[in-house]
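Shown next: start_29.cif, containing mmCIF, C-alpha atoms.
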```cif
data_input
loop_
_atom_site.label_atom_id
_atom_site.label_comp_id
_atom_site.auth_asym_id
_atom_site.auth_seq_id
_atom_site.Cartn_x
_atom_site.Cartn_y
_atom_site.Cartn_z
CA MET A 1 21.97 -30.15 22.64
CA LYS A 2 19.56 -31.16 19.93
CA SER A 3 21.32 -33.33 17.39
CA THR A 4 20.12 -31.90 14.07
CA LEU A 5 20.99 -28.65 12.35
CA LEU A 6 18.44 -27.75 9.71
CA LEU A 7 19.52 -25.16 7.16
CA GLY A 8 17.59 -23.21 4.58
CA THR A 9 19.98 -22.03 1.89
CA ARG A 10 20.00 -20.35 -1.48
CA LYS A 11 20.43 -23.74 -3.13
CA GLY A 12 18.26 -26.03 -1.06
CA LEU A 13 17.54 -27.51 2.36
CA ILE A 14 20.54 -29.08 4.07
CA ALA A 15 20.49 -31.09 7.31
CA TYR A 16 23.43 -31.96 9.50
CA ARG A 17 23.31 -34.68 12.19
CA PHE A 18 25.51 -35.02 15.27
CA ASN A 19 26.72 -38.59 15.72
CA ASN A 20 29.61 -39.95 17.76
CA GLY A 21 30.90 -36.48 18.51
CA GLU A 22 30.85 -35.24 14.91
CA TRP A 23 28.54 -33.35 12.62
CA SER A 24 27.97 -34.78 9.17
CA ALA A 25 25.58 -34.00 6.34
CA GLU A 26 22.42 -36.10 6.59
CA ASN A 27 20.16 -34.74 3.89
CA THR A 28 20.09 -32.36 0.95
CA SER A 29 16.70 -31.62 -0.57
CA PHE A 30 15.51 -29.32 -3.35
CA GLU A 31 18.99 -28.84 -4.73
CA GLY A 32 19.20 -25.57 -6.58
CA ILE A 33 15.98 -24.14 -5.18
CA PRO A 34 16.14 -21.27 -2.67
CA VAL A 35 14.73 -22.33 0.71
CA SER A 36 13.92 -19.18 2.64
CA ILE A 37 13.06 -21.05 5.84
CA ALA A 38 13.75 -24.66 6.78
CA TYR A 39 11.64 -25.43 9.81
CA ALA A 40 11.24 -28.47 12.03
CA ASP A 41 8.03 -28.65 14.05
CA GLU A 42 9.22 -29.97 17.40
CA ARG A 43 5.76 -31.34 18.22
CA THR A 44 5.71 -33.79 15.34
CA GLY A 45 9.20 -33.86 13.87
CA THR A 46 7.77 -32.70 10.55
CA TRP A 47 10.21 -30.76 8.41
CA TRP A 48 8.96 -27.84 6.36
CA ALA A 49 10.70 -26.27 3.39
CA CYS A 50 9.52 -22.79 2.45
CA GLN A 51 10.69 -22.27 -1.09
CA ASP A 52 11.27 -19.14 -3.08
CA HIS A 53 11.44 -20.21 -6.70
CA GLY A 54 12.80 -17.47 -8.89
CA HIS A 55 10.38 -18.41 -11.64
CA TRP A 56 7.55 -20.45 -10.20
CA GLY A 57 6.63 -18.58 -7.04
CA VAL A 58 6.57 -19.43 -3.37
CA LYS A 59 6.07 -23.11 -2.59
CA LEU A 60 5.64 -25.09 0.60
CA HIS A 61 6.70 -28.69 1.17
CA ARG A 62 6.69 -30.96 4.22
CA SER A 63 8.37 -34.20 5.12
CA ALA A 64 7.45 -36.73 7.78
CA ASP A 65 10.63 -38.78 7.31
CA ARG A 66 13.48 -36.32 7.77
CA GLY A 67 13.62 -35.26 4.17
CA LYS A 68 13.59 -38.66 2.51
CA THR A 69 10.26 -37.85 0.87
CA TRP A 70 8.38 -34.58 0.51
CA GLU A 71 4.80 -33.56 -0.10
CA GLU A 72 3.86 -30.25 -1.68
CA ILE A 73 1.22 -28.26 0.22
CA THR A 74 -0.66 -25.31 -1.22
CA ALA A 75 1.37 -22.30 -0.16
CA PRO A 76 -0.29 -19.40 1.68
CA ALA A 77 -2.12 -17.26 -0.86
CA TYR A 78 -3.71 -13.86 -0.56
CA PRO A 79 -7.45 -13.83 -1.19
CA LYS A 80 -8.86 -12.37 -4.38
CA GLY A 81 -8.99 -8.64 -4.10
CA ALA A 82 -6.32 -8.30 -1.39
CA GLU A 83 -4.27 -5.20 -2.09
CA LEU A 84 -0.84 -3.99 -1.05
CA LYS A 85 -2.07 -0.49 -1.55
CA ASP A 86 -5.06 0.77 -3.42
CA GLY A 87 -5.02 -0.81 -6.88
CA ALA A 88 -1.95 -3.00 -6.31
CA PRO A 89 -2.84 -6.70 -5.90
CA ALA A 90 -1.19 -8.65 -3.10
CA THR A 91 0.52 -11.97 -3.71
CA THR A 92 2.76 -14.11 -1.55
CA ARG A 93 6.26 -12.99 -2.45
CA TYR A 94 8.29 -14.75 0.23
CA ILE A 95 7.82 -16.87 3.35
CA TRP A 96 9.93 -15.24 6.04
CA ALA A 97 8.79 -16.93 9.26
CA MET A 98 7.21 -20.16 10.43
CA ALA A 99 6.15 -21.21 13.92
CA HIS A 100 4.02 -23.94 15.42
CA GLY A 101 0.97 -22.98 17.43
CA GLY A 102 1.86 -24.83 20.62
CA LYS A 103 0.83 -28.01 22.39
CA GLN A 104 -2.67 -26.82 23.15
CA TYR A 105 -3.32 -26.35 19.42
CA PRO A 106 -1.57 -29.30 17.84
CA GLN A 107 -2.91 -28.53 14.35
CA ARG A 108 -2.01 -24.83 14.40
CA LEU A 109 0.82 -23.30 12.38
CA TRP A 110 1.73 -19.70 11.68
CA ILE A 111 3.48 -18.30 8.62
CA GLY A 112 4.76 -14.77 8.08
CA THR A 113 5.18 -13.41 4.59
CA ASP A 114 6.37 -10.57 2.44
CA PRO A 115 4.26 -8.44 1.70
CA GLY A 116 3.19 -8.28 5.35
CA GLY A 117 0.47 -10.89 5.65
CA LEU A 118 0.31 -13.31 8.57
CA PHE A 119 -1.25 -16.69 7.83
CA ILE A 120 -2.67 -19.31 10.18
CA SER A 121 -3.44 -22.97 9.67
CA GLU A 122 -5.70 -24.93 12.00
CA ASP A 123 -5.37 -28.20 10.09
CA GLY A 124 -1.71 -29.05 10.37
CA GLY A 125 -0.71 -26.94 7.40
CA ASN A 126 -3.06 -28.45 4.83
CA SER A 127 -4.48 -24.98 4.31
CA PHE A 128 -3.61 -21.48 5.46
CA GLU A 129 -5.78 -18.40 5.87
CA LEU A 130 -4.76 -14.78 5.92
CA VAL A 131 -5.17 -13.17 9.34
CA GLU A 132 -7.47 -10.41 8.16
CA SER A 133 -7.37 -8.36 11.36
CA LEU A 134 -3.66 -7.69 10.93
CA TRP A 135 -3.88 -7.25 7.16
CA ASN A 136 -6.65 -4.69 7.72
CA HIS A 137 -4.80 -2.98 10.56
CA PRO A 138 -5.25 0.78 10.14
CA THR A 139 -1.49 1.38 10.19
CA ARG A 140 -0.59 -1.04 7.39
CA LYS A 141 -1.08 0.84 4.14
CA GLU A 142 0.54 4.07 5.25
CA GLY A 143 2.71 3.09 8.21
CA TRP A 144 4.44 -0.11 7.03
CA PHE A 145 7.11 -0.26 4.34
CA GLY A 146 9.87 -2.48 3.00
CA GLY A 147 13.03 -3.10 4.98
CA GLY A 148 15.38 -5.85 3.87
CA ARG A 149 12.81 -6.64 1.21
CA ASP A 150 10.83 -4.48 -1.20
CA GLN A 151 7.59 -4.83 0.74
CA PRO A 152 6.91 -5.12 4.48
CA GLY A 153 7.62 -8.61 5.77
CA ILE A 154 6.81 -10.64 8.90
CA HIS A 155 10.01 -12.41 9.91
CA SER A 156 9.35 -13.20 13.58
CA ILE A 157 6.50 -15.14 15.20
CA VAL A 158 6.84 -15.77 18.94
CA VAL A 159 4.20 -18.00 20.53
CA ASP A 160 3.92 -17.90 24.33
CA PRO A 161 3.93 -21.50 25.61
CA ARG A 162 2.03 -20.42 28.77
CA ASP A 163 -0.88 -19.12 26.68
CA GLU A 164 -0.60 -20.11 23.07
CA ASN A 165 -3.13 -17.54 21.89
CA HIS A 166 -0.63 -14.93 23.07
CA VAL A 167 1.68 -14.19 20.14
CA HIS A 168 4.17 -11.50 19.24
CA ILE A 169 5.20 -10.84 15.68
CA ALA A 170 7.80 -8.49 14.24
CA ILE A 171 7.63 -6.74 10.90
CA SER A 172 10.29 -4.96 8.87
CA CYS A 173 9.37 -2.20 8.68
CA ALA A 174 6.50 -1.66 11.08
CA GLY A 175 7.66 -2.98 14.44
CA VAL A 176 6.41 -5.39 17.08
CA PHE A 177 2.75 -6.37 17.40
CA GLU A 178 1.09 -8.44 20.12
CA THR A 179 -2.13 -10.43 20.20
CA PHE A 180 -3.81 -12.19 23.13
CA ASP A 181 -6.55 -13.81 21.07
CA ALA A 182 -4.66 -15.71 18.36
CA GLY A 183 -4.72 -12.81 15.95
CA LYS A 184 -8.21 -11.38 16.32
CA THR A 185 -6.92 -8.10 17.78
CA TRP A 186 -3.48 -6.50 17.88
CA ALA A 187 -1.55 -4.01 19.99
CA ILE A 188 1.55 -2.16 18.78
CA ARG A 189 4.60 -2.65 21.03
CA ASN A 190 7.21 -0.17 19.83
CA LYS A 191 7.66 1.91 22.98
CA GLY A 192 11.33 2.68 23.61
CA MET A 193 12.59 1.68 20.19
CA LYS A 194 14.49 4.04 17.91
CA ALA A 195 13.95 4.52 14.20
CA GLU A 196 16.74 6.89 13.22
CA PHE A 197 15.90 6.53 9.54
CA LEU A 198 12.38 7.96 9.94
CA PRO A 199 11.62 11.65 9.57
CA ASN A 200 9.54 11.30 12.74
CA PRO A 201 11.52 9.17 15.20
CA ASP A 202 8.47 8.91 17.48
CA ALA A 203 6.22 7.41 14.83
CA GLU A 204 3.69 4.76 15.84
CA THR A 205 5.03 2.29 13.26
CA GLY A 206 7.90 2.06 10.76
CA TYR A 207 10.43 0.48 13.13
CA ASP A 208 12.80 -2.20 11.93
CA PRO A 209 13.21 -5.06 14.39
CA HIS A 210 15.44 -7.38 12.37
CA ILE A 211 14.50 -10.34 14.58
CA LEU A 212 12.44 -10.83 17.73
CA VAL A 213 12.90 -13.75 20.15
CA ALA A 214 11.68 -14.64 23.63
CA ALA A 215 13.84 -16.04 26.40
CA PRO A 216 12.85 -19.72 26.56
CA SER A 217 13.23 -19.77 30.34
CA SER A 218 11.23 -16.60 31.00
CA HIS A 219 8.84 -15.79 28.23
CA ASP A 220 8.04 -12.20 29.20
CA ILE A 221 11.64 -11.28 28.48
CA LEU A 222 11.91 -10.42 24.81
CA TRP A 223 15.05 -9.58 22.88
CA GLN A 224 15.50 -8.05 19.47
CA GLN A 225 18.31 -7.20 17.14
CA ASN A 226 17.01 -4.05 15.54
CA HIS A 227 18.26 -1.96 12.65
CA CYS A 228 19.01 0.69 15.25
CA GLY A 229 20.71 -1.34 17.96
CA ILE A 230 19.90 -4.22 20.29
CA TYR A 231 16.88 -4.11 22.59
CA ARG A 232 15.47 -6.04 25.51
CA SER A 233 12.05 -5.91 27.09
CA PRO A 234 11.32 -7.21 30.61
CA ASP A 235 7.54 -7.00 30.20
CA ALA A 236 6.55 -8.80 27.00
CA GLY A 237 7.26 -5.84 24.77
CA LYS A 238 5.41 -3.11 26.62
CA ASN A 239 8.70 -1.27 27.11
CA TRP A 240 11.94 -1.65 25.21
CA THR A 241 15.38 -0.66 26.47
CA GLU A 242 18.38 -0.35 24.20
CA ILE A 243 21.25 -2.57 25.33
CA SER A 244 23.73 -2.01 22.49
CA GLU A 245 27.40 -1.95 23.41
CA ASN A 246 28.67 1.59 23.77
CA GLY A 247 31.51 1.90 21.25
CA GLY A 248 31.81 -1.86 20.71
CA PRO A 249 30.72 -4.18 17.93
CA ALA A 250 27.41 -5.25 19.48
CA TYR A 251 25.16 -2.74 17.78
CA PHE A 252 24.17 -3.42 14.16
CA GLY A 253 23.33 -6.87 12.89
CA PHE A 254 20.45 -9.16 12.06
CA ALA A 255 20.44 -12.19 14.33
CA ILE A 256 20.01 -12.87 18.03
CA ALA A 257 19.73 -16.04 20.11
CA VAL A 258 18.90 -16.41 23.80
CA ALA A 259 20.14 -19.24 26.03
CA GLU A 260 17.54 -21.86 26.86
CA ASP A 261 18.35 -21.83 30.57
CA ASN A 262 19.29 -18.19 31.19
CA ALA A 263 17.12 -15.22 30.24
CA ASP A 264 20.10 -12.88 30.67
CA GLN A 265 22.41 -14.68 28.26
CA ALA A 266 22.24 -13.98 24.53
CA TRP A 267 24.35 -13.89 21.41
CA VAL A 268 24.38 -11.46 18.50
CA ALA A 269 26.32 -11.49 15.24
CA PRO A 270 27.53 -7.93 14.65
CA ALA A 271 27.96 -6.42 11.20
CA SER A 272 29.83 -3.24 10.44
CA SER A 273 26.93 -0.93 9.57
CA ASP A 274 23.80 -0.63 7.58
CA VAL A 275 25.88 1.00 4.83
CA THR A 276 28.41 -1.75 4.11
CA ARG A 277 26.77 -4.81 5.74
CA THR A 278 30.03 -6.75 6.03
CA ALA A 279 32.03 -8.29 8.84
CA ILE A 280 33.55 -5.58 11.01
CA LYS A 281 37.08 -4.76 9.78
CA GLY A 282 37.19 -8.02 7.88
CA SER A 283 36.97 -10.20 10.97
CA LEU A 284 34.08 -12.23 12.27
CA CYS A 285 32.91 -12.23 15.86
CA ILE A 286 29.92 -13.23 17.89
CA CYS A 287 29.12 -11.15 20.97
CA ARG A 288 27.63 -12.65 24.09
CA THR A 289 26.10 -11.02 27.11
CA ASP A 290 25.62 -12.81 30.41
CA ASP A 291 23.92 -9.96 32.22
CA GLY A 292 20.94 -8.98 30.13
CA GLY A 293 22.91 -6.70 27.84
CA LYS A 294 24.75 -4.58 30.42
CA THR A 295 28.08 -5.88 29.10
CA TRP A 296 29.16 -7.80 26.01
CA GLN A 297 32.16 -10.01 25.33
CA GLU A 298 33.61 -10.72 21.89
CA GLN A 299 33.91 -14.38 20.93
CA ARG A 300 36.41 -14.89 18.12
CA ASN A 301 38.28 -18.11 18.89
CA GLY A 302 38.08 -20.22 15.75
CA LEU A 303 36.40 -17.60 13.58
CA PRO A 304 38.14 -15.93 10.58
CA GLN A 305 39.88 -12.74 11.63
CA GLN A 306 40.98 -11.34 8.28
CA ASN A 307 39.72 -11.01 4.70
CA CYS A 308 36.24 -11.94 5.84
CA PHE A 309 33.01 -10.52 4.45
CA ASP A 310 30.46 -12.75 6.15
CA ILE A 311 27.38 -11.48 7.84
CA VAL A 312 24.70 -13.54 9.53
CA TYR A 313 21.11 -13.20 8.37
CA ARG A 314 18.29 -12.90 10.89
CA HIS A 315 17.29 -16.56 11.11
CA CYS A 316 20.82 -17.94 11.03
CA LEU A 317 22.00 -17.89 14.67
CA ALA A 318 20.66 -20.54 17.03
CA SER A 319 21.41 -22.05 20.41
CA SER A 320 20.55 -25.35 22.09
CA GLY A 321 21.88 -26.20 25.53
CA ASP A 322 25.55 -25.23 25.52
CA ALA A 323 25.69 -25.32 21.72
CA VAL A 324 25.54 -22.31 19.42
CA ALA A 325 25.60 -22.41 15.63
CA PHE A 326 25.39 -19.90 12.82
CA GLY A 327 25.48 -19.82 9.04
CA THR A 328 26.65 -16.89 6.94
CA THR A 329 25.99 -15.07 3.71
CA THR A 330 29.12 -16.52 2.15
CA GLY A 331 28.27 -20.11 2.98
CA ASN A 332 30.20 -20.75 6.16
CA LEU A 333 28.69 -22.81 8.97
CA PHE A 334 30.17 -22.51 12.45
CA PHE A 335 29.44 -24.46 15.62
CA SER A 336 30.40 -23.89 19.25
CA PRO A 337 29.98 -26.62 21.90
CA ASP A 338 30.65 -24.19 24.75
CA ARG A 339 28.39 -21.17 24.38
CA GLY A 340 30.64 -19.40 21.91
CA GLU A 341 33.96 -19.71 23.73
CA ASN A 342 35.37 -21.81 20.88
CA TRP A 343 34.17 -22.21 17.31
CA GLN A 344 34.50 -25.07 14.86
CA THR A 345 33.98 -24.81 11.12
CA LEU A 346 31.44 -27.31 9.83
CA ASN A 347 31.54 -26.16 6.21
CA ASN A 348 33.14 -23.35 4.19
CA TYR A 349 31.42 -24.15 0.93
CA LEU A 350 27.69 -23.94 1.49
CA PRO A 351 25.35 -21.71 -0.47
CA MET A 352 24.27 -18.47 1.18
CA VAL A 353 22.54 -19.49 4.41
CA TYR A 354 19.00 -18.22 5.05
CA SER A 355 18.00 -20.13 8.19
CA VAL A 356 19.55 -22.29 10.91
CA GLN A 357 17.56 -24.29 13.45
CA PHE A 358 18.49 -26.89 16.04
CA ALA A 359 16.06 -29.81 15.91
CA ASP A 360 15.72 -33.28 17.38
CA MET B 1 -7.66 -27.12 -30.61
CA PRO B 2 -4.64 -25.10 -29.52
CA THR B 3 -1.59 -27.04 -28.46
CA ILE B 4 0.04 -26.22 -25.15
CA LYS B 5 3.79 -26.71 -24.90
CA PHE B 6 5.94 -26.28 -21.84
CA THR B 7 9.49 -25.45 -20.92
CA TYR B 8 11.49 -28.52 -19.89
CA ALA B 9 12.14 -26.76 -16.54
CA LEU B 10 8.62 -27.62 -15.39
CA LYS B 11 9.26 -31.33 -15.80
CA ARG B 12 11.19 -31.27 -12.53
CA PHE B 13 7.91 -30.66 -10.72
CA PHE B 14 5.58 -32.44 -13.16
CA PRO B 15 7.56 -35.37 -14.53
CA GLU B 16 4.73 -36.55 -16.79
CA LEU B 17 4.39 -33.16 -18.43
CA LYS B 18 4.13 -33.15 -22.22
CA ALA B 19 2.62 -31.05 -24.98
CA ILE B 20 -1.14 -31.42 -24.97
CA PRO B 21 -4.14 -30.14 -26.93
CA ALA B 22 -6.58 -28.00 -24.97
CA ALA B 23 -10.27 -27.33 -25.57
CA GLY B 24 -10.40 -24.00 -23.74
CA LYS B 25 -11.08 -20.80 -25.65
CA THR B 26 -9.56 -18.50 -23.03
CA PHE B 27 -6.53 -18.73 -20.80
CA PRO B 28 -8.59 -19.22 -17.61
CA GLU B 29 -10.32 -22.16 -19.28
CA ILE B 30 -7.00 -23.58 -20.39
CA PHE B 31 -5.49 -23.33 -16.91
CA THR B 32 -8.50 -25.10 -15.44
CA GLU B 33 -7.89 -27.92 -17.90
CA LEU B 34 -4.18 -28.00 -17.13
CA ASP B 35 -4.85 -28.23 -13.39
CA GLN B 36 -7.11 -31.22 -13.99
CA GLN B 37 -4.35 -33.02 -15.83
CA TYR B 38 -1.42 -31.75 -13.73
CA PRO B 39 -2.81 -30.72 -10.34
CA GLY B 40 -1.31 -27.48 -9.10
CA ILE B 41 0.52 -26.54 -12.28
CA SER B 42 -1.28 -23.23 -12.70
CA SER B 43 0.17 -22.03 -9.39
CA TYR B 44 3.62 -22.39 -10.94
CA ILE B 45 2.69 -20.19 -13.88
CA LEU B 46 0.20 -17.73 -12.37
CA ASP B 47 0.09 -16.01 -9.02
CA GLU B 48 -2.95 -16.24 -6.76
CA GLN B 49 -4.52 -13.18 -8.39
CA GLY B 50 -4.40 -14.86 -11.80
CA SER B 51 -1.54 -12.85 -13.28
CA LEU B 52 1.45 -14.32 -15.05
CA ARG B 53 4.40 -14.73 -12.70
CA LYS B 54 7.13 -12.18 -13.20
CA HIS B 55 9.74 -14.51 -14.68
CA VAL B 56 7.40 -16.61 -16.81
CA ASN B 57 6.43 -15.89 -20.40
CA ILE B 58 3.69 -17.18 -22.67
CA PHE B 59 4.02 -17.08 -26.44
CA ILE B 60 1.12 -17.49 -28.86
CA ASP B 61 2.37 -18.66 -32.25
CA GLY B 62 5.77 -17.24 -31.47
CA LYS B 63 4.57 -13.90 -30.17
CA MET B 64 4.80 -12.94 -26.52
CA ILE B 65 1.46 -12.13 -24.92
CA ALA B 66 0.77 -8.48 -24.12
CA ASP B 67 -1.63 -8.80 -21.20
CA ARG B 68 0.28 -10.42 -18.37
CA LYS B 69 -2.28 -9.32 -15.80
CA ALA B 70 -5.57 -10.76 -17.08
CA LEU B 71 -4.23 -12.97 -19.90
CA SER B 72 -6.77 -11.66 -22.40
CA ASP B 73 -4.65 -12.22 -25.52
CA ALA B 74 -6.56 -14.05 -28.23
CA PHE B 75 -5.57 -17.34 -29.84
CA THR B 76 -7.15 -19.64 -32.39
CA SER B 77 -7.93 -23.31 -32.46
CA GLY B 78 -4.76 -23.86 -34.45
CA SER B 79 -2.49 -21.87 -32.18
CA GLU B 80 0.59 -23.14 -30.49
CA ILE B 81 0.84 -21.78 -26.94
CA TYR B 82 4.28 -22.03 -25.42
CA ILE B 83 4.90 -21.55 -21.70
CA MET B 84 8.49 -20.79 -20.79
CA GLN B 85 10.56 -19.28 -18.02
CA ALA B 86 12.88 -16.32 -18.27
CA LEU B 87 16.52 -17.33 -18.56
CA SER B 88 17.61 -15.68 -15.36
CA GLY B 89 19.15 -16.63 -12.09
CA GLY B 90 22.49 -17.82 -10.88
#
```

Have the structure of the file written as structure tokens, please.
Amino acid sequence: MKSTLLLGTRKGLIAYRFNNGEWSAENTSFEGIPVSIAYADERTGTWWACQDHGHWGVKLHRSADRGKTWEEITAPAYPKGAELKDGAPATTRYIWAMAHGGKQYPQRLWIGTDPGGLFISEDGGNSFELVESLWNHPTRKEGWFGGGRDQPGIHSIVVDPRDENHVHIAISCAGVFETFDAGKTWAIRNKGMKAEFLPNPDAETGYDPHILVAAPSSHDILWQQNHCGIYRSPDAGKNWTEISENGGPAYFGFAIAVAEDNADQAWVAPASSDVTRTAIKGSLCICRTDDGGKTWQEQRNGLPQQNCFDIVYRHCLASSGDAVAFGTTTGNLFFSPDRGENWQTLNNYLPMVYSVQFAD
Amino acid sequence: MPTIKFTYALKRFFPELKAIPAAGKTFPEIFTELDQQYPGISSYILDEQGSLRKHVNIFIDGKMIADRKALSDAFTSGSEIYIMQALSGG
């Protein structure tokens, strides 16, 4: 298990460190400022704080010393003339995803934003450029729309460690896109997904994958928690199969995590429905599958089972070795040392949690 | 020369910030000057397309500007220009 938990929250970046068998708070930065994504680049140990100031716009900061000091970097910005739709100027409204570009490209970083722009840096994050090929994709203006946020947003960036120019992204609402050339060209990968909310359920785009992840041990196996169920792909997104639990809680939710050492084992954090978006019947559970989604087991030991309203946002469930952790909308942080069999409460009094990552 | 004043909230990010006179005759000129003195400050007040951020206001001699998009409101050499944030949040 990695020994740091890095949290983005509504009131700042918070880091926990595991020492002598216990988690304790190591760092709080940007107190009072919403941090949409707190991200540690595993290649360098650099921490990134993607900020969403209510007043002053989206900001980006990085730290080379575990949050002791921070440096502000110019945040991704849309070029002059970029438009959401005809006549509506595009600006960076939110940073919703961050990923490093892999070992072969040590200076490369990716950022996904609301309103739907993907940005790339080739200089370690000193500057970011809009990926024009995706922004100019013929489906964007008419076939993408807001889901979770007012405008379309890129919340998932999955870089293939075998070929780091091979990247999947996921957009709410548009769906899954794949590139083999670091963003020069894109293919849509929505085959097999449902979009019950669309007038045309077989549309090319408009799907709502809440989060997309790859199995670390077998990168062609992709998983997603979608607005319309849970899906798995055995072939890098070419075909999706729904693996929701028939009649059980594992259906609606936002987050998913896949075991590092087992491409068939994953966790989801079910919520009651897209109407109420609360814990199911007031009780919190994580569901785990050990067989690629054929069956699911409920994991409740140590989690609140009454008067509970927590849900888990899309970046807030993470695994590392045998450890699993998640943060909730009502500021609870839970940790399991044994793949979800038992849960410990690390904090009941955090701000709303936006992101959770295990880091070194 | 107009005087530019700022909300105290910006001092968190620009600790040396204080009211300053500006030579510019338009808002774009003024923001260029401000960025020279406080690098990056215009990105806190304007978005990348040059429009006033949604929860920021600018007053000229006590009157809120009308053109939030292009910032074309006129001011004089004796004007006081006040940059403030909306009192929102929680």

Ile81 of chain B surroundings by all atoms listed in the file, 8 Å radius, close-in-sequence under 6 positions cut, as a ChimeraX atom specification: /B:2-5,58-61

Neighbour list for Gln85 of chain B as a ChimeraX atom specification, cut-off 12 Å, all atoms listed in the file, skip fewer than 2 positions in-chain: /A:53-57 /B:6-10,44-46,52-59,82-83,87-89

Pick from B:Thr76, B:Lys18, B:Arg12, B:Gln36, whichever lies nearest to chain A using all atoms listed in the file: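 For chain A, the nearest of the candidates is B:Arg12.
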
Residues selected by the PyMOL selection byres ((chain A) within 10 of (chain B)), written as a VMD selection string: chain A and resid 11 32 53 to 59 72 to 82 89 to 93

Residue nearest Gly229 of chain A among A:Asp261, A:Asp338, A:Asp274, A:Asp123 (counting only C-alpha atoms):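 Using only C-alpha atoms, the shortest distance to Gly229 of chain A belongs to A:Asp274.
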
Answer key for the PyMOL selection byres ((chain A and resi 323) around 9), residues as a PyMOL selection string: chain A and resi 1-2+318-322+324-325+335-340

Contacts of Trp296 of chain A at 7 Å (only C-alpha atoms; same-chain gap of 6+ positions) as a list in words: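 Surrounding residues, per the criterion: Glu245, Cys287, Arg288 and Thr289 of chain A.
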
Matched chain/residue IDs from the PyMOL selection byres ((chain B and resi 1) around 12), as a list in words: Pro2, Thr3, Ile4, Ile20, Pro21, Ala22, Ala23, Gly24, Lys25, Thr26, Ile30, Phe75, Thr76, Ser77, Gly78, Ser79, Glu80 and Ile81 of chain B

Separation of atom CA of Lys184 of chain A from atom CA of Pro234 of chain A, in Å and rounded to one decimal: 24.6 Å

Top pick for closest residue to Gln224 of chain A, considering A:Lys294, A:Arg43, A:Arg314, A:Lys68 and counting only C-alpha atoms: A:Arg314

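You can rank A:Ser156, A:Ser133, A:Gln51, A:Gln297 by their closest distance to Ala97 of chain A using only C-alpha atoms, and at the top of that list sits A:Ser156.
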
Near-segment 174-181 of chain A list (7 Å; only C-alpha atoms; drop same-chain fewer than 6 positions) as a PyMOL selection string: chain A and resi 143-145+165-168+187-190+205-209

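Taking atom CA of Pro28 of chain B and atom CA of Lys69 of chain B as endpoints, the distance between them is 11.9 Å.
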
Length of the atom CA of Leu17 of chain B to atom CA of Ser127 of chain A vector [Å]: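 Computing it gives 25.7 Å between the two atoms.
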
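Shortest atom-to-atom contact with Leu350 of chain A among A:Asp41, A:Asp163, A:Glu31, A:Asp65: A:Glu31, counting only C-alpha atoms.
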
Neighbour list for Gly148 of chain A as a list of chain:residue names, cut-off 12 Å, all atoms listed in the file, skip fewer than 3 positions in-chain: A:Tyr94, A:Trp96, A:Asp114, A:Pro115, A:Phe145, A:Gln151, A:Pro152, A:Gly153, A:Ile154, A:His155, A:Ile171, A:Ser172, A:Cys173, A:Asp208, A:Pro209, A:His210, A:Ile211, A:Asn226, A:His227, A:Phe254, A:Asp274, A:Arg277, A:Tyr313, A:Arg314

Taking all listed atoms of segment 64-74 of chain B, build the axis-aligned box, pad each of the six sides by 4 Å, then write its centre and edge lengths in Å to one decimal as lines of an AutoDock Vina configuration file.
```
center_x = -1.0
center_y = -11.3
center_z = -22.0
size_x = 19.6
size_y = 13.6
size_z = 20.4
```
